[in-house]
file work.cif (mmCIF, C-alpha atoms and all ligand atoms)
data_query
loop_
_atom_site.group_PDB
_atom_site.id
_atom_site.type_symbol
_atom_site.label_atom_id
_atom_site.label_comp_id
_atom_site.auth_asym_id
_atom_site.auth_seq_id
_atom_site.Cartn_x
_atom_site.Cartn_y
_atom_site.Cartn_z
ATOM 1 C CA MET A 475 86.896 103.173 50.037
ATOM 2 C CA LEU A 476 86.374 99.436 49.774
ATOM 3 C CA GLU A 477 88.944 98.955 52.508
ATOM 4 C CA ALA A 478 87.148 101.427 54.752
ATOM 5 C CA LEU A 479 83.833 99.693 54.191
ATOM 6 C CA THR A 480 85.227 96.311 55.078
ATOM 7 C CA ALA A 481 87.550 97.398 57.900
ATOM 8 C CA PRO A 482 86.875 95.400 61.087
ATOM 9 C CA GLY A 483 86.654 98.574 63.108
ATOM 10 C CA LEU A 484 88.165 99.913 66.295
ATOM 11 C CA THR A 485 84.973 100.130 68.312
ATOM 12 C CA THR A 486 85.140 100.096 72.121
ATOM 13 C CA GLY A 487 84.789 96.491 73.279
ATOM 14 C CA GLN A 488 84.872 95.184 69.675
ATOM 15 C CA ALA A 489 88.411 95.782 68.486
ATOM 16 C CA PRO A 490 90.334 92.511 68.026
ATOM 17 C CA PHE A 491 93.596 94.347 67.229
ATOM 18 C CA VAL A 492 93.530 96.077 70.609
ATOM 19 C CA GLU A 493 92.194 93.117 72.577
ATOM 20 C CA GLU A 494 94.869 90.797 71.157
ATOM 21 C CA ALA A 495 97.619 93.289 72.034
ATOM 22 C CA ARG A 496 96.254 93.453 75.575
ATOM 23 C CA HIS A 497 96.198 89.657 75.850
ATOM 24 C CA ARG A 498 99.816 89.564 74.723
ATOM 25 C CA GLY A 499 100.604 91.991 77.539
ATOM 26 C CA GLU A 500 101.408 94.861 75.148
ATOM 27 C CA LEU A 501 100.312 98.102 76.773
ATOM 28 C CA TYR A 502 101.908 100.508 74.312
ATOM 29 C CA ILE A 503 100.721 99.951 70.752
ATOM 30 C CA THR A 504 100.443 101.744 67.415
ATOM 31 C CA GLN A 505 97.296 103.350 66.067
ATOM 32 C CA PRO A 506 96.314 100.961 63.238
ATOM 33 C CA TYR A 507 94.570 103.734 61.330
ATOM 34 C CA GLU A 508 93.434 101.588 58.389
ATOM 35 C CA LEU A 509 91.313 99.491 60.747
ATOM 36 C CA TYR A 510 88.837 102.289 61.521
ATOM 37 C CA SER A 511 85.496 101.518 59.871
ATOM 38 C CA GLU A 512 83.229 104.092 58.255
ATOM 39 C CA GLU A 513 80.991 103.661 61.297
ATOM 40 C CA ASN A 514 83.930 104.694 63.527
ATOM 41 C CA HIS A 515 84.544 107.838 61.468
ATOM 42 C CA GLU A 516 80.817 108.582 61.535
ATOM 43 C CA ALA A 517 80.852 108.303 65.340
ATOM 44 C CA TRP A 518 83.689 110.863 65.521
ATOM 45 C CA ARG A 519 81.852 113.154 63.065
ATOM 46 C CA ARG A 520 78.664 113.101 65.142
ATOM 47 C CA LEU A 521 80.443 113.535 68.470
ATOM 48 C CA TYR A 522 82.589 116.399 67.189
ATOM 49 C CA GLY A 523 79.764 118.145 65.333
ATOM 50 C CA ARG A 524 77.441 118.345 68.302
ATOM 51 C CA MET A 525 80.188 119.327 70.765
ATOM 52 C CA GLN A 526 81.408 122.322 68.742
ATOM 53 C CA PRO A 527 78.663 124.820 69.735
ATOM 54 C CA ARG A 528 78.881 123.691 73.364
ATOM 55 C CA TRP A 529 82.653 124.156 73.432
ATOM 56 C CA GLU A 530 82.182 127.686 72.116
ATOM 57 C CA GLN A 531 79.779 128.389 74.963
ATOM 58 C CA TYR A 532 81.323 126.569 77.913
ATOM 59 C CA ALA A 533 84.972 125.637 77.264
ATOM 60 C CA ASN A 534 87.810 127.762 78.580
ATOM 61 C CA ASP A 535 89.666 129.905 76.040
ATOM 62 C CA HIS A 536 92.849 127.799 76.205
ATOM 63 C CA PHE A 537 90.883 124.754 75.095
ATOM 64 C CA LEU A 538 89.312 126.627 72.167
ATOM 65 C CA ALA A 539 92.743 127.895 71.120
ATOM 66 C CA GLY A 540 94.058 124.321 71.445
ATOM 67 C CA ILE A 541 91.402 122.962 69.098
ATOM 68 C CA GLU A 542 92.519 125.545 66.510
ATOM 69 C CA LYS A 543 96.205 124.773 66.957
ATOM 70 C CA LEU A 544 95.733 121.027 66.572
ATOM 71 C CA HIS A 545 93.558 121.257 63.424
ATOM 72 C CA LEU A 546 91.544 118.262 64.613
ATOM 73 C CA PRO A 547 89.529 116.941 61.681
ATOM 74 C CA PRO A 548 85.790 117.325 62.289
ATOM 75 C CA ASP A 549 84.840 114.495 59.957
ATOM 76 C CA ARG A 550 87.281 111.637 60.636
ATOM 77 C CA VAL A 551 89.065 110.042 63.542
ATOM 78 C CA PRO A 552 92.377 111.916 63.779
ATOM 79 C CA ARG A 553 95.721 110.292 63.119
ATOM 80 C CA LEU A 554 97.771 110.501 66.299
ATOM 81 C CA SER A 555 100.929 111.134 64.240
ATOM 82 C CA ASP A 556 99.291 114.308 62.843
ATOM 83 C CA VAL A 557 98.210 115.371 66.343
ATOM 84 C CA ASN A 558 101.728 114.833 67.676
ATOM 85 C CA ARG A 559 103.341 116.761 64.825
ATOM 86 C CA ARG A 560 101.379 119.866 65.843
ATOM 87 C CA LEU A 561 101.384 119.285 69.609
ATOM 88 C CA GLN A 562 105.010 118.424 70.263
ATOM 89 C CA PRO A 563 106.549 121.776 69.219
ATOM 90 C CA LEU A 564 104.102 123.654 71.470
ATOM 91 C CA THR A 565 104.651 121.987 74.857
ATOM 92 C CA GLY A 566 106.687 118.832 74.254
ATOM 93 C CA PHE A 567 103.628 116.647 74.890
ATOM 94 C CA GLN A 568 102.861 113.621 72.728
ATOM 95 C CA THR A 569 99.973 111.196 72.604
ATOM 96 C CA LYS A 570 101.010 107.577 73.240
ATOM 97 C CA PRO A 571 98.559 104.924 72.016
ATOM 98 C CA VAL A 572 97.681 102.239 74.587
ATOM 99 C CA SER A 573 95.715 98.996 74.544
ATOM 100 C CA GLY A 574 93.738 99.616 77.742
ATOM 101 C CA TYR A 575 93.931 100.640 81.364
ATOM 102 C CA VAL A 576 97.313 102.033 82.366
ATOM 103 C CA PRO A 577 98.232 101.214 85.997
ATOM 104 C CA ALA A 578 98.489 104.318 88.154
ATOM 105 C CA PHE A 579 102.271 104.729 88.442
ATOM 106 C CA LEU A 580 102.824 104.143 84.726
ATOM 107 C CA PHE A 581 100.104 106.652 83.891
ATOM 108 C CA PHE A 582 101.530 109.368 86.132
ATOM 109 C CA ASP A 583 105.057 108.596 84.963
ATOM 110 C CA CYS A 584 103.954 109.111 81.338
ATOM 111 C CA LEU A 585 102.737 112.596 82.289
ATOM 112 C CA HIS A 586 106.089 113.262 83.956
ATOM 113 C CA ARG A 587 107.715 112.440 80.579
ATOM 114 C CA ARG A 588 105.158 114.572 78.671
ATOM 115 C CA GLU A 589 103.459 111.541 77.180
ATOM 116 C CA PHE A 590 99.715 111.073 77.319
ATOM 117 C CA PRO A 591 98.374 107.487 77.252
ATOM 118 C CA THR A 592 95.712 107.594 74.542
ATOM 119 C CA THR A 593 92.935 105.153 73.720
ATOM 120 C CA VAL A 594 92.593 104.370 70.005
ATOM 121 C CA THR A 595 89.086 102.849 70.056
ATOM 122 C CA ILE A 596 85.889 104.880 69.687
ATOM 123 C CA ARG A 597 82.464 104.351 71.273
ATOM 124 C CA PRO A 598 79.733 102.510 69.334
ATOM 125 C CA PRO A 599 77.002 104.613 67.693
ATOM 126 C CA ASP A 600 74.351 103.510 70.202
ATOM 127 C CA ARG A 601 76.414 104.839 73.138
ATOM 128 C CA MET A 602 77.159 108.395 72.031
ATOM 129 C CA ASP A 603 76.134 109.940 75.335
ATOM 130 C CA TYR A 604 77.909 107.898 77.926
ATOM 131 C CA LEU A 605 80.764 105.468 78.101
ATOM 132 C CA PRO A 606 82.415 104.721 81.447
ATOM 133 C CA GLU A 607 85.780 103.916 79.883
ATOM 134 C CA PRO A 608 87.811 106.455 77.889
ATOM 135 C CA ASP A 609 87.750 106.406 74.097
ATOM 136 C CA ILE A 610 89.665 108.384 71.500
ATOM 137 C CA PHE A 611 87.060 111.142 71.504
ATOM 138 C CA HIS A 612 87.460 111.640 75.256
ATOM 139 C CA ASP A 613 91.262 111.416 75.099
ATOM 140 C CA VAL A 614 91.968 113.416 71.933
ATOM 141 C CA ALA A 615 89.061 115.880 71.737
ATOM 142 C CA GLY A 616 88.649 116.184 75.537
ATOM 143 C CA HIS A 617 92.213 116.082 76.911
ATOM 144 C CA VAL A 618 94.729 116.841 74.190
ATOM 145 C CA PRO A 619 93.644 120.417 73.273
ATOM 146 C CA MET A 620 94.522 121.365 76.872
ATOM 147 C CA HIS A 621 98.034 119.968 76.340
ATOM 148 C CA THR A 622 98.776 122.755 73.842
ATOM 149 C CA GLU A 623 98.767 125.251 76.730
ATOM 150 C CA LYS A 624 102.140 125.545 78.450
ATOM 151 C CA ALA A 625 100.839 126.357 81.933
ATOM 152 C CA PHE A 626 98.458 123.397 81.876
ATOM 153 C CA ALA A 627 101.090 121.046 80.432
ATOM 154 C CA ASP A 628 103.372 122.045 83.310
ATOM 155 C CA VAL A 629 100.604 121.109 85.778
ATOM 156 C CA LEU A 630 100.474 117.590 84.314
ATOM 157 C CA VAL A 631 104.246 117.190 84.518
ATOM 158 C CA ARG A 632 104.255 118.439 88.110
ATOM 159 C CA PHE A 633 101.482 115.985 88.885
ATOM 160 C CA GLY A 634 103.535 113.197 87.331
ATOM 161 C CA ASP A 635 106.413 114.180 89.633
ATOM 162 C CA CYS A 636 104.141 113.419 92.607
ATOM 163 C CA ALA A 637 104.099 109.717 91.702
ATOM 164 C CA HIS A 638 107.884 109.647 92.027
ATOM 165 C CA THR A 639 107.648 111.398 95.392
ATOM 166 C CA ALA A 640 105.118 108.755 96.486
ATOM 167 C CA VAL A 641 107.609 105.996 95.654
ATOM 168 C CA GLU A 642 110.352 107.824 97.509
ATOM 169 C CA MET A 643 108.113 108.320 100.566
ATOM 170 C CA THR A 644 106.971 104.699 100.846
ATOM 171 C CA ARG A 645 109.794 102.479 99.539
ATOM 172 C CA ASP A 646 111.590 102.192 102.904
ATOM 173 C CA VAL A 647 108.579 101.584 105.146
ATOM 174 C CA PRO A 648 109.720 98.357 106.873
ATOM 175 C CA ASP A 649 106.267 96.867 107.547
ATOM 176 C CA THR A 650 105.027 95.822 104.084
ATOM 177 C CA HIS A 651 101.374 95.818 105.158
ATOM 178 C CA GLU A 652 101.671 99.405 106.372
ATOM 179 C CA ARG A 653 103.658 100.351 103.243
ATOM 180 C CA ASP A 654 100.920 99.007 100.950
ATOM 181 C CA ARG A 655 98.196 100.734 102.985
ATOM 182 C CA ARG A 656 99.990 104.073 102.656
ATOM 183 C CA ILE A 657 100.555 103.624 98.912
ATOM 184 C CA ILE A 658 96.857 102.880 98.404
ATOM 185 C CA SER A 659 95.881 105.967 100.396
ATOM 186 C CA ILE A 660 98.282 108.158 98.403
ATOM 187 C CA ILE A 661 97.066 106.752 95.050
ATOM 188 C CA ARG A 662 93.499 107.455 96.183
ATOM 189 C CA ALA A 663 94.401 111.058 97.039
ATOM 190 C CA LEU A 664 96.224 111.585 93.730
ATOM 191 C CA SER A 665 93.386 109.992 91.746
ATOM 192 C CA ARG A 666 90.782 112.190 93.457
ATOM 193 C CA PHE A 667 92.834 115.298 92.791
ATOM 194 C CA PHE A 668 93.201 114.298 89.130
ATOM 195 C CA TRP A 669 89.482 113.546 88.909
ATOM 196 C CA PHE A 670 88.306 116.874 90.315
ATOM 197 C CA THR A 671 90.781 118.925 88.292
ATOM 198 C CA VAL A 672 92.067 117.408 85.030
ATOM 199 C CA GLU A 673 88.874 115.386 84.441
ATOM 200 C CA PHE A 674 86.124 117.580 85.898
ATOM 201 C CA GLY A 675 87.679 120.942 86.715
ATOM 202 C CA LEU A 676 86.020 124.326 86.313
ATOM 203 C CA MET A 677 87.873 127.613 86.021
ATOM 204 C CA LYS A 678 87.081 131.301 86.382
ATOM 205 C CA GLY A 679 87.250 133.029 83.022
ATOM 206 C CA PRO A 680 86.472 136.350 81.353
ATOM 207 C CA ARG A 681 83.092 134.922 80.255
ATOM 208 C CA GLY A 682 82.266 133.462 83.681
ATOM 209 C CA ILE A 683 82.796 129.922 84.925
ATOM 210 C CA CYS A 684 84.036 127.623 82.184
ATOM 211 C CA ALA A 685 85.261 124.039 81.936
ATOM 212 C CA TYR A 686 88.807 122.762 81.548
ATOM 213 C CA GLY A 687 88.171 119.183 82.729
ATOM 214 C CA SER A 688 88.197 116.634 79.932
ATOM 215 C CA GLY A 689 85.348 114.529 81.312
ATOM 216 C CA LEU A 690 83.184 117.616 80.880
ATOM 217 C CA LEU A 691 84.674 118.731 77.558
ATOM 218 C CA SER A 692 83.965 115.345 75.960
ATOM 219 C CA SER A 693 80.379 115.027 77.246
ATOM 220 C CA TYR A 694 77.609 116.747 75.333
ATOM 221 C CA GLY A 695 75.106 116.540 78.190
ATOM 222 C CA GLU A 696 77.353 117.030 81.182
ATOM 223 C CA LEU A 697 79.262 120.062 79.893
ATOM 224 C CA GLN A 698 76.160 122.229 79.908
ATOM 225 C CA HIS A 699 74.864 120.633 83.112
ATOM 226 C CA ALA A 700 78.153 121.358 84.898
ATOM 227 C CA ILE A 701 78.042 125.063 84.071
ATOM 228 C CA LYS A 702 74.318 125.790 84.172
ATOM 229 C CA SER A 703 72.433 123.335 86.364
ATOM 230 C CA PRO A 704 71.273 124.430 89.819
ATOM 231 C CA GLU A 705 71.746 120.786 90.851
ATOM 232 C CA VAL A 706 75.529 121.155 90.770
ATOM 233 C CA GLN A 707 77.470 122.471 93.768
ATOM 234 C CA ARG A 708 80.473 124.537 92.626
ATOM 235 C CA TYR A 709 83.106 125.558 95.145
ATOM 236 C CA PRO A 710 86.607 127.019 95.032
ATOM 237 C CA LEU A 711 89.156 124.182 95.014
ATOM 238 C CA GLN A 712 90.055 123.160 98.543
ATOM 239 C CA LEU A 713 92.790 120.579 98.777
ATOM 240 C CA GLU A 714 91.645 119.019 102.076
ATOM 241 C CA TRP A 715 88.199 118.503 100.607
ATOM 242 C CA VAL A 716 89.276 117.169 97.213
ATOM 243 C CA ILE A 717 91.608 114.468 98.553
ATOM 244 C CA ASN A 718 88.915 113.163 100.924
ATOM 245 C CA GLN A 719 85.957 113.340 98.540
ATOM 246 C CA GLY A 720 84.786 110.094 96.906
ATOM 247 C CA ALA A 721 84.734 110.237 93.103
ATOM 248 C CA GLU A 722 81.692 108.557 91.551
ATOM 249 C CA ILE A 723 81.855 107.790 87.872
ATOM 250 C CA ASP A 724 78.428 106.572 86.808
ATOM 251 C CA HIS A 725 76.356 109.771 86.856
ATOM 252 C CA TYR A 726 76.706 113.513 86.340
ATOM 253 C CA GLN A 727 78.931 115.030 89.006
ATOM 254 C CA PRO A 728 76.954 116.774 91.765
ATOM 255 C CA LEU A 729 80.049 118.552 93.119
ATOM 256 C CA LEU A 730 82.700 120.418 91.131
ATOM 257 C CA PHE A 731 85.665 122.588 92.085
ATOM 258 C CA ILE A 732 86.777 125.880 90.566
ATOM 259 C CA VAL A 733 90.356 127.119 90.126
ATOM 260 C CA ASP A 734 91.374 130.721 89.417
ATOM 261 C CA SER A 735 93.958 129.864 86.770
ATOM 262 C CA PHE A 736 96.432 127.171 85.762
ATOM 263 C CA GLU A 737 99.073 128.913 87.864
ATOM 264 C CA HIS A 738 96.719 128.450 90.818
ATOM 265 C CA LEU A 739 96.293 124.786 89.893
ATOM 266 C CA PHE A 740 100.069 124.366 89.588
ATOM 267 C CA ASP A 741 100.494 125.750 93.105
ATOM 268 C CA GLN A 742 97.886 123.328 94.408
ATOM 269 C CA VAL A 743 99.808 120.377 92.943
ATOM 270 C CA GLY A 744 102.848 121.725 94.768
ATOM 271 C CA ARG A 745 100.861 121.746 98.012
ATOM 272 C CA LEU A 746 99.638 118.220 97.284
ATOM 273 C CA GLU A 747 103.223 117.046 97.037
ATOM 274 C CA GLN A 748 104.178 118.933 100.203
ATOM 275 C CA TRP A 749 101.285 117.289 102.072
ATOM 276 C CA MET A 750 102.462 113.910 100.842
ATOM 277 C CA ARG A 751 105.935 114.606 102.236
ATOM 278 C CA GLN A 752 104.335 115.593 105.562
ATOM 279 C CA GLY A 753 102.401 112.293 105.684
ATOM 280 C CA LYS A 754 99.029 113.995 105.230
ATOM 281 C CA LEU A 755 97.993 111.709 102.363
ATOM 282 C CA ASN A 756 98.641 108.518 104.338
ATOM 283 C CA HIS A 757 95.143 108.414 105.824
ATOM 284 C CA VAL A 758 92.653 109.934 103.410
ATOM 285 C CA ALA A 759 88.968 109.049 103.760
ATOM 286 C CA PRO A 760 88.157 105.583 102.444
ATOM 287 C CA GLY A 761 85.837 105.209 99.467
ATOM 288 C CA LEU A 762 85.972 105.671 95.726
ATOM 289 C CA PRO A 763 87.918 105.266 93.622
ATOM 290 C CA GLU A 764 88.781 101.623 94.191
ATOM 291 C CA ILE A 765 92.520 101.120 93.910
ATOM 292 C CA SER A 766 93.346 97.926 92.041
ATOM 293 C CA GLU A 767 96.082 95.413 92.738
ATOM 294 C CA GLY A 768 97.645 96.502 89.425
ATOM 295 C CA ASP A 769 97.807 100.111 90.621
ATOM 296 C CA LEU A 770 99.525 99.074 93.856
ATOM 297 C CA GLN A 771 101.936 96.753 92.029
ATOM 298 C CA SER A 772 102.888 99.535 89.614
ATOM 299 C CA PHE A 773 104.179 101.609 92.559
ATOM 300 C CA LEU A 774 105.928 98.618 94.151
ATOM 301 C CA SER A 775 107.676 97.799 90.854
ATOM 302 C CA ALA A 776 108.799 101.415 90.480
ATOM 303 C CA ALA A 777 110.284 101.251 93.990
ATOM 304 C CA GLU A 778 112.451 98.273 92.966
ATOM 305 C CA GLN A 779 114.074 100.126 90.090
HETATM 306 FE FE FE B 801 90.283 111.270 81.012
#

call {"tool": "encode", "arguments": {"input": "work.cif", "output": "C-alpha cells", "more": "lines below"}}
Ligand SMILES: [Fe+2]
result
Amino acid sequence: MLEALTAPGLTTGQAPFVEEARHRGELYITQPYELYSEENHEAWRRLYGRMQPRWEQYANDHFLAGIEKLHLPPDRVPRLSDVNRRLQPLTGFQTKPVSGYVPAFLFFDCLHRREFPTTVTIRPPDRMDYLPEPDIFHDVAGHVPMHTEKAFADVLVRFGDCAHTAVEMTRDVPDTHERDRRIISIIRALSRFFWFTVEFGLMKGPRGICAYGSGLLSSYGELQHAIKSPEVQRYPLQLEWVINQGAEIDHYQPLLFIVDSFEHLFDQVGRLEQWMRQGKLNHVAPGLPEISEGDLQSFLSAAEQ
C-alpha cells in the first residue's frame, strides 16, 4: 500500500519512465505496473464505472461479450499480461506496450502480426472527458474487447496487409518526389479509413445502430452523442467518401459511417487494397490527417528491407 501511495505514477504527460524510454529511442517497452499511483487506479475506476451503463446501451454485442471474456478489472488499471493471457487464445491478438506514437507503417505492421500497440499511461483526473492522445483506457477498454472477436480481428490483420501492399506499390517509383507524394496520399487514405471504422465506426445491430469504434467506446459523452444526437450525420460506409473525407480530432464527430457487419467491413478493406493496386489512392483529397515525416520514413524504411 505504501508503495502504491508513493508511486510516481504513469499519468499522461507526467510519466518519467515512459518519457525516458522515448528519449532513448525505445518504442516497445514493458508495462511497469508497480509505478501506477493510487490516483491512476482511481482514474481507471471512474472511467470504467461511468462507461459501463453506456456500453450496455450503445456498444455492439461483440464488444460486450469481449468485456466479459477479458475480465477487465473495474477498479484497477489492468495488467497487460493478464489481458494477453485471456486474449491470445481467442484470436491470436496481443497487446504490445509502447512509449508513444507509433509511425504509420510500424503500427499497421503490428496489426498484420496480431499485435496491438498499447499505451500504458492513463489520463489525469482533471481530464476525464477528453484527451487527444490515446491512453490505456482508450486502448484497453476501447479497442481490445473488439480484438476478442474473430471476424473483427481478421479485419485488423487484413488492414495491416494493406501497408505491405503500399510498400510494394511505391518502392519502385523512380522519381523519389512522386514516390513520396504517393506514399503520403496512401497513408492519408488508410488513416481515414481506420479513423471512420476502427476508431469511430457504427454498425447495424439487433438493437438498432450501435458503436464498434474505439474512439466512441472510450468516450462517455461522445458514445451517446454518436448514437442519439440529431447533430450527427450517419451514412452507410462508402469507400470513395471515407478515403476523401478529412478526419478532425478535436471535437465530436459530425459525420459517421455505418457497416452491416464485420464481414462487410472485411470486404471493404479488400476493396481498399484493390483500389490501391489500381492507383486510386494516389490522389486522395488533401486535408487531415497531417502525415508526419516519421510516417513517411516508416514506409521508406520498410521498402529497403
Ligand atoms: Fe485508437

call {"tool": "closest_residue", "arguments": {"input": "work.cif", "among": "A:Gly499, A:Pro606, A:Gly768, A:Pro548", "to": "ligand FE 801 (chain B)", "atoms": "all atoms listed in the file"}}
result
A:Pro606

call {"tool": "resolve_selection", "arguments": {"input": "work.cif", "expression": "the PyMOL selection byres (((chain A and resi 704-713) around 10) and not hetatm)", "output": "PyMOL selection string"}}
result
chain A and resi 663+667+670-671+675-678+683+699-703+714-719+726-734+738-739+742-743+745-746+749

call {"tool": "write_last_selection", "arguments": {"input": "work.cif", "atoms": "C-alpha atoms", "output": "compact mmCIF listing (two decimals), in the coordinates of the input"}}
result
# COMPACT_ATOMS: atom_id res chain seq x y z
CA ALA A 663 94.40 111.06 97.04
CA PHE A 667 92.83 115.30 92.79
CA PHE A 670 88.31 116.87 90.32
CA THR A 671 90.78 118.92 88.29
CA GLY A 675 87.68 120.94 86.72
CA LEU A 676 86.02 124.33 86.31
CA MET A 677 87.87 127.61 86.02
CA LYS A 678 87.08 131.30 86.38
CA ILE A 683 82.80 129.92 84.92
CA HIS A 699 74.86 120.63 83.11
CA ALA A 700 78.15 121.36 84.90
CA ILE A 701 78.04 125.06 84.07
CA LYS A 702 74.32 125.79 84.17
CA SER A 703 72.43 123.34 86.36
CA GLU A 714 91.64 119.02 102.08
CA TRP A 715 88.20 118.50 100.61
CA VAL A 716 89.28 117.17 97.21
CA ILE A 717 91.61 114.47 98.55
CA ASN A 718 88.92 113.16 100.92
CA GLN A 719 85.96 113.34 98.54
CA TYR A 726 76.71 113.51 86.34
CA GLN A 727 78.93 115.03 89.01
CA PRO A 728 76.95 116.77 91.76
CA LEU A 729 80.05 118.55 93.12
CA LEU A 730 82.70 120.42 91.13
CA PHE A 731 85.66 122.59 92.08
CA ILE A 732 86.78 125.88 90.57
CA VAL A 733 90.36 127.12 90.13
CA ASP A 734 91.37 130.72 89.42
CA HIS A 738 96.72 128.45 90.82
CA LEU A 739 96.29 124.79 89.89
CA GLN A 742 97.89 123.33 94.41
CA VAL A 743 99.81 120.38 92.94
CA ARG A 745 100.86 121.75 98.01
CA LEU A 746 99.64 118.22 97.28
CA TRP A 749 101.28 117.29 102.07

call {"tool": "resolve_selection", "arguments": {"input": "work.cif", "expression": "the PyMOL selection byres (((chain A and resi 595) around 8) and not hetatm)", "output": "PyMOL selection string"}}
result
chain A and resi 484-486+489+593-594+596-597+609-610

call {"tool": "closest_residue", "arguments": {"input": "work.cif", "among": "A:Cys636, A:Ile661, A:Leu605, A:Ala776", "to": "ligand FE 801 (chain B)", "atoms": "all atoms listed in the file"}}
result
A:Leu605

call {"tool": "closest_atom_pairs", "arguments": {"input": "work.cif", "of": "chain A", "to": "ligand FE 801 (chain B)", "cutoff": "10 Å", "atoms": "all atoms listed in the file", "output": "JSON lines"}}
result
{"residue": "A:Pro591", "atom": "CA", "partner": "B:FE801", "partner_atom": "FE", "distance": 9.7}
{"residue": "A:Thr592", "atom": "CA", "partner": "B:FE801", "partner_atom": "FE", "distance": 9.2}
{"residue": "A:Thr593", "atom": "CA", "partner": "B:FE801", "partner_atom": "FE", "distance": 9.9}
{"residue": "A:Glu607", "atom": "CA", "partner": "B:FE801", "partner_atom": "FE", "distance": 8.7}
{"residue": "A:Pro608", "atom": "CA", "partner": "B:FE801", "partner_atom": "FE", "distance": 6.2}
{"residue": "A:Asp609", "atom": "CA", "partner": "B:FE801", "partner_atom": "FE", "distance": 8.8}
{"residue": "A:Ile610", "atom": "CA", "partner": "B:FE801", "partner_atom": "FE", "distance": 10.0}
{"residue": "A:His612", "atom": "CA", "partner": "B:FE801", "partner_atom": "FE", "distance": 6.4}
{"residue": "A:Asp613", "atom": "CA", "partner": "B:FE801", "partner_atom": "FE", "distance": 6.0}
{"residue": "A:Val614", "atom": "CA", "partner": "B:FE801", "partner_atom": "FE", "distance": 9.5}
{"residue": "A:Gly616", "atom": "CA", "partner": "B:FE801", "partner_atom": "FE", "distance": 7.5}
{"residue": "A:His617", "atom": "CA", "partner": "B:FE801", "partner_atom": "FE", "distance": 6.6}
{"residue": "A:Val618", "atom": "CA", "partner": "B:FE801", "partner_atom": "FE", "distance": 9.9}
{"residue": "A:Phe668", "atom": "CA", "partner": "B:FE801", "partner_atom": "FE", "distance": 9.1}
{"residue": "A:Trp669", "atom": "CA", "partner": "B:FE801", "partner_atom": "FE", "distance": 8.3}
{"residue": "A:Val672", "atom": "CA", "partner": "B:FE801", "partner_atom": "FE", "distance": 7.5}
{"residue": "A:Glu673", "atom": "CA", "partner": "B:FE801", "partner_atom": "FE", "distance": 5.5}
{"residue": "A:Phe674", "atom": "CA", "partner": "B:FE801", "partner_atom": "FE", "distance": 9.0}
{"residue": "A:Gly687", "atom": "CA", "partner": "B:FE801", "partner_atom": "FE", "distance": 8.4}
{"residue": "A:Ser688", "atom": "CA", "partner": "B:FE801", "partner_atom": "FE", "distance": 5.9}
{"residue": "A:Gly689", "atom": "CA", "partner": "B:FE801", "partner_atom": "FE", "distance": 5.9}
{"residue": "A:Leu690", "atom": "CA", "partner": "B:FE801", "partner_atom": "FE", "distance": 9.5}
{"residue": "A:Leu691", "atom": "CA", "partner": "B:FE801", "partner_atom": "FE", "distance": 10.0}
{"residue": "A:Ser692", "atom": "CA", "partner": "B:FE801", "partner_atom": "FE", "distance": 9.1}

call {"tool": "closest_residue", "arguments": {"input": "work.cif", "among": "A:Glu764, A:Asp583, A:Asp654, A:Asp600", "to": "Thr639 (chain A)", "atoms": "all atoms listed in the file"}}
result
A:Asp583

call {"tool": "residues_around", "arguments": {"input": "work.cif", "residues": "Ala517 (chain A)", "least_positions_apart": "2", "cutoff": "8 Å", "atoms": "only C-alpha atoms", "output": "ChimeraX atom specification"}}
result
/A:513-515,519-521,596-599,602

call {"tool": "atom_distance", "arguments": {"input": "work.cif", "atom1": "CA of Asn756 (chain A)", "atom2": "CA of Thr644 (chain A)"}}
result
9.8 Å

call {"tool": "closest_residue", "arguments": {"input": "work.cif", "among": "A:Gly483, A:Leu770, A:Pro490, A:Ala777", "to": "Leu509 (chain A)", "atoms": "all atoms listed in the file"}}
result
A:Gly483

call {"tool": "decode", "arguments": {"input": "work.cif", "residues": "region 730-748 of chain A", "atoms": "C-alpha atoms", "output": "PDB file, in the first residue's frame"}}
result
ATOM      1  CA  LEU A 730     -20.120   8.779 -39.010  1.00  0.00           C
ATOM      2  CA  PHE A 731     -20.356   5.706 -41.226  1.00  0.00           C
ATOM      3  CA  ILE A 732     -22.335   2.521 -40.658  1.00  0.00           C
ATOM      4  CA  VAL A 733     -21.340  -1.018 -41.667  1.00  0.00           C
ATOM      5  CA  ASP A 734     -23.698  -4.004 -41.858  1.00  0.00           C
ATOM      6  CA  SER A 735     -21.330  -6.457 -40.187  1.00  0.00           C
ATOM      7  CA  PHE A 736     -17.643  -7.231 -39.744  1.00  0.00           C
ATOM      8  CA  GLU A 737     -17.801  -9.408 -42.852  1.00  0.00           C
ATOM      9  CA  HIS A 738     -18.975  -6.299 -44.708  1.00  0.00           C
ATOM     10  CA  LEU A 739     -16.098  -4.323 -43.199  1.00  0.00           C
ATOM     11  CA  PHE A 740     -13.632  -7.061 -44.173  1.00  0.00           C
ATOM     12  CA  ASP A 741     -14.843  -6.852 -47.773  1.00  0.00           C
ATOM     13  CA  GLN A 742     -14.394  -3.089 -47.739  1.00  0.00           C
ATOM     14  CA  VAL A 743     -10.761  -3.472 -46.645  1.00  0.00           C
ATOM     15  CA  GLY A 744     -10.349  -5.837 -49.582  1.00  0.00           C
ATOM     16  CA  ARG A 745     -11.744  -3.164 -51.900  1.00  0.00           C
ATOM     17  CA  LEU A 746      -9.440  -0.587 -50.315  1.00  0.00           C
ATOM     18  CA  GLU A 747      -6.460  -2.750 -51.174  1.00  0.00           C
ATOM     19  CA  GLN A 748      -7.765  -3.343 -54.701  1.00  0.00           C
TER      20      GLN A 748
END
